[in-house]
$ cat upload10.cif   # mmCIF, C-alpha atoms
data_input
loop_
_atom_site.label_atom_id
_atom_site.label_comp_id
_atom_site.auth_asym_id
_atom_site.auth_seq_id
_atom_site.Cartn_x
_atom_site.Cartn_y
_atom_site.Cartn_z
CA MET N 1 130.76 38.54 119.81
CA VAL N 2 129.81 41.07 117.14
CA LEU N 3 126.61 40.98 115.11
CA VAL N 4 126.97 42.04 111.50
CA GLY N 5 123.80 43.07 109.70
CA ASP N 6 120.28 44.05 110.63
CA VAL N 7 117.99 41.45 112.18
CA LYS N 8 115.30 43.81 113.49
CA ASP N 9 111.82 42.35 112.92
CA ARG N 10 113.25 39.23 111.24
CA ALA N 11 113.52 35.55 112.07
CA ALA N 12 117.14 34.50 112.59
CA ILE N 13 118.57 31.06 111.89
CA LEU N 14 121.86 29.99 113.47
CA VAL N 15 123.62 27.16 111.61
CA ASP N 16 126.47 25.15 113.14
CA ASP N 17 128.10 21.78 112.67
CA MET N 18 127.90 20.83 116.34
CA ALA N 19 126.95 22.14 119.74
CA ASP N 20 128.42 20.72 122.93
CA THR N 21 127.76 22.85 126.02
CA CYS N 22 125.83 25.41 123.91
CA GLY N 23 127.40 28.48 125.51
CA THR N 24 128.30 30.12 122.21
CA ILE N 25 125.07 29.38 120.36
CA CYS N 26 122.93 30.53 123.32
CA HIS N 27 124.98 33.72 123.56
CA ALA N 28 124.43 34.27 119.82
CA ALA N 29 120.67 33.75 120.24
CA ASP N 30 120.56 36.33 123.05
CA LYS N 31 122.55 38.77 120.91
CA LEU N 32 120.11 38.34 118.01
CA LEU N 33 117.05 38.84 120.21
CA SER N 34 118.63 41.92 121.79
CA ALA N 35 119.18 43.29 118.28
CA GLY N 36 115.49 42.93 117.46
CA ALA N 37 115.11 39.48 115.92
CA THR N 38 111.53 38.27 116.32
CA ARG N 39 112.44 34.57 116.50
CA VAL N 40 115.67 32.56 116.68
CA TYR N 41 116.18 29.00 115.47
CA ALA N 42 119.29 26.85 115.63
CA ILE N 43 120.05 24.17 113.04
CA LEU N 44 122.85 21.78 114.07
CA THR N 45 124.35 18.70 112.47
CA HIS N 46 125.52 17.10 115.73
CA GLY N 47 123.84 17.92 119.03
CA ILE N 48 126.26 16.69 121.68
CA PHE N 49 124.51 18.61 124.47
CA SER N 50 126.82 17.89 127.40
CA GLY N 51 127.06 19.52 130.82
CA PRO N 52 124.85 22.64 131.08
CA ALA N 53 123.64 22.49 127.46
CA ILE N 54 120.02 21.55 128.15
CA SER N 55 119.51 24.16 130.86
CA ARG N 56 121.16 26.77 128.61
CA ILE N 57 118.87 25.92 125.69
CA ASN N 58 115.82 25.98 127.95
CA GLY N 59 116.87 29.40 129.25
CA ALA N 60 117.67 30.85 125.85
CA GLY N 61 115.14 32.45 123.53
CA PHE N 62 115.13 29.74 120.87
CA GLU N 63 111.89 28.83 119.14
CA ALA N 64 113.48 25.50 118.24
CA VAL N 65 116.86 23.77 118.13
CA VAL N 66 116.85 21.35 115.22
CA VAL N 67 119.47 18.56 115.11
CA THR N 68 120.08 15.47 113.04
CA ASN N 69 119.92 12.01 114.55
CA THR N 70 123.67 11.37 114.26
CA ILE N 71 123.56 11.26 118.08
CA PRO N 72 120.51 9.81 119.88
CA GLN N 73 118.42 12.64 121.39
CA GLU N 74 115.48 10.88 123.05
CA GLU N 75 116.66 11.53 126.63
CA LYS N 76 117.61 15.15 125.91
CA MET N 77 114.22 15.78 124.28
CA LYS N 78 112.46 14.69 127.49
CA HIS N 79 114.13 17.59 129.31
CA CYS N 80 114.05 20.15 126.51
CA PRO N 81 110.92 20.60 124.38
CA LYS N 82 112.80 22.99 122.07
CA ILE N 83 114.87 20.15 120.59
CA GLN N 84 113.56 18.71 117.32
CA VAL N 85 115.26 15.88 115.41
CA ILE N 86 115.60 15.29 111.67
CA ASP N 87 116.23 11.70 110.58
CA ILE N 88 119.10 11.56 108.08
CA SER N 89 119.49 7.77 107.99
CA MET N 90 118.15 7.41 104.43
CA ILE N 91 120.49 9.98 102.92
CA LEU N 92 123.49 8.53 104.79
CA ALA N 93 122.58 5.04 103.62
CA GLU N 94 122.28 6.24 100.03
CA ALA N 95 125.61 8.08 100.24
CA ILE N 96 127.29 4.91 101.53
CA ARG N 97 125.65 2.81 98.81
CA ARG N 98 126.74 5.25 96.10
CA THR N 99 130.29 5.38 97.43
CA HIS N 100 130.47 1.59 97.57
CA ASN N 101 129.20 1.29 93.98
CA GLY N 102 131.39 4.08 92.61
CA GLU N 103 128.38 6.30 91.86
CA SER N 104 128.11 10.06 92.25
CA VAL N 105 127.44 11.27 95.79
CA SER N 106 126.99 14.86 94.57
CA TYR N 107 123.84 13.63 92.80
CA LEU N 108 122.25 13.63 96.26
CA PHE N 109 122.58 17.42 96.52
CA SER N 110 119.64 17.78 94.14
CA HIS N 111 117.91 14.40 94.59
CA VAL N 112 117.37 13.80 98.30
CA PRO N 113 115.86 10.37 99.08
CA LEU N 114 112.90 10.47 101.46
#
$ encode --input "upload10.cif" --output "structure tokens"
Amino acid sequence: MVLVGDVKDRAAILVDDMADTCGTICHAADKLLSAGATRVYAILTHGIFSGPAISRINGAGFEAVVVTNTIPQEEKMKHCPKIQVIDISMILAEAIRRTHNGESVSYLFSHVPL
């Protein structure tokens, strides 16, 4: 793994579509901290968190690992206080409604329902 750019004295945000065993994302967090990042956050669409994922996250230097609720996280959160969940049910429901009615889904990029 090679880090490109300067992260010294900066907060770093790792963005990924999904994390399963979290080996790669935890390695990336360690690399960023070693390069001088002051804080590391992970933002994930799907937190699968299988096998050693929870112990890896707990052992890594993350401030927080933020995931959507596409997969239930209640049990994982009991064992890992770094996991935070964002509810995306309203935006998914609106995207489905718009698709069903033949309306623009790209409208949601600038008009997020709360």
$ resolve_selection --input "upload10.cif" --expression "the PyMOL selection byres ((chain N and resi 69-86) around 9)" --output "short mmCIF file (atom, residue, chain, number, x, y, z; two decimals) with C-alpha atoms, in the coordinates of the input"
data_model
loop_
_atom_site.label_atom_id
_atom_site.label_comp_id
_atom_site.auth_asym_id
_atom_site.auth_seq_id
_atom_site.Cartn_x
_atom_site.Cartn_y
_atom_site.Cartn_z
CA THR N 45 124.35 18.70 112.47
CA HIS N 46 125.52 17.10 115.73
CA GLY N 47 123.84 17.92 119.03
CA ILE N 48 126.26 16.69 121.68
CA PHE N 49 124.51 18.61 124.47
CA ILE N 54 120.02 21.55 128.15
CA SER N 55 119.51 24.16 130.86
CA ILE N 57 118.87 25.92 125.69
CA ASN N 58 115.82 25.98 127.95
CA PHE N 62 115.13 29.74 120.87
CA GLU N 63 111.89 28.83 119.14
CA ALA N 64 113.48 25.50 118.24
CA VAL N 65 116.86 23.77 118.13
CA VAL N 66 116.85 21.35 115.22
CA VAL N 67 119.47 18.56 115.11
CA THR N 68 120.08 15.47 113.04
CA ASP N 87 116.23 11.70 110.58
CA ILE N 88 119.10 11.56 108.08
CA SER N 89 119.49 7.77 107.99
#
$ residues_around --input "upload10.cif" --residues "N:Lys8" --least-positions-apart "3" --cutoff "12 Å" --atoms "only C-alpha atoms" --output "PyMOL selection string"
chain N and resi 3-5+11-12+31-40
$ write_last_selection --input "upload10.cif" --atoms "C-alpha atoms" --output "mmCIF file, in the frame of the given file"
data_model
loop_
_atom_site.group_PDB
_atom_site.id
_atom_site.type_symbol
_atom_site.label_atom_id
_atom_site.label_comp_id
_atom_site.auth_asym_id
_atom_site.auth_seq_id
_atom_site.Cartn_x
_atom_site.Cartn_y
_atom_site.Cartn_z
ATOM 1 C CA LEU N 3 126.610 40.980 115.110
ATOM 2 C CA VAL N 4 126.970 42.040 111.500
ATOM 3 C CA GLY N 5 123.800 43.070 109.700
ATOM 4 C CA ALA N 11 113.520 35.550 112.070
ATOM 5 C CA ALA N 12 117.140 34.500 112.590
ATOM 6 C CA LYS N 31 122.550 38.770 120.910
ATOM 7 C CA LEU N 32 120.110 38.340 118.010
ATOM 8 C CA LEU N 33 117.050 38.840 120.210
ATOM 9 C CA SER N 34 118.630 41.920 121.790
ATOM 10 C CA ALA N 35 119.180 43.290 118.280
ATOM 11 C CA GLY N 36 115.490 42.930 117.460
ATOM 12 C CA ALA N 37 115.110 39.480 115.920
ATOM 13 C CA THR N 38 111.530 38.270 116.320
ATOM 14 C CA ARG N 39 112.440 34.570 116.500
ATOM 15 C CA VAL N 40 115.670 32.560 116.680
#
$ atom_distance --input "upload10.cif" --atom1 "atom CA of N:Val112" --atom2 "atom CA of N:Ile25"
28.1 Å
$ resolve_selection --input "upload10.cif" --expression "the PyMOL selection byres ((chain N and resi 16) around 7)" --output "JSON, numbers by chain"
{"N": [14, 15, 17, 18, 43, 44, 45]}
$ write_last_selection --input "upload10.cif" --atoms "C-alpha atoms" --output "PDB file, keeping the file's coordinate frame"
ATOM      1  CA  LEU N  14     121.860  29.990 113.470  1.00  0.00           C
ATOM      2  CA  VAL N  15     123.620  27.160 111.610  1.00  0.00           C
ATOM      3  CA  ASP N  17     128.100  21.780 112.670  1.00  0.00           C
ATOM      4  CA  MET N  18     127.900  20.830 116.340  1.00  0.00           C
ATOM      5  CA  ILE N  43     120.050  24.170 113.040  1.00  0.00           C
ATOM      6  CA  LEU N  44     122.850  21.780 114.070  1.00  0.00           C
ATOM      7  CA  THR N  45     124.350  18.700 112.470  1.00  0.00           C
TER       8      THR N  45
END
$ closest_residue --input "upload10.cif" --among "N:Thr21, N:Thr99, N:Ser110, N:Ser104" --to "N:Arg56" --atoms "all atoms listed in the file"
N:Thr21
$ atom_distance --input "upload10.cif" --atom1 "atom CA of N:Ala42" --atom2 "atom CA of N:Leu108"
23.6 Å
$ closest_residue --input "upload10.cif" --among "N:Met90, N:Ala19, N:Ile96, N:Ala28" --to "N:Val2" --atoms "only C-alpha atoms"
N:Ala28
$ atom_distance --input "upload10.cif" --atom1 "atom CA of N:Ala95" --atom2 "atom CA of N:Tyr41"
27.5 Å
$ closest_residue --input "upload10.cif" --among "N:His100, N:Ala53, N:Phe109, N:Ala93" --to "N:His27" --atoms "only C-alpha atoms"
N:Ala53
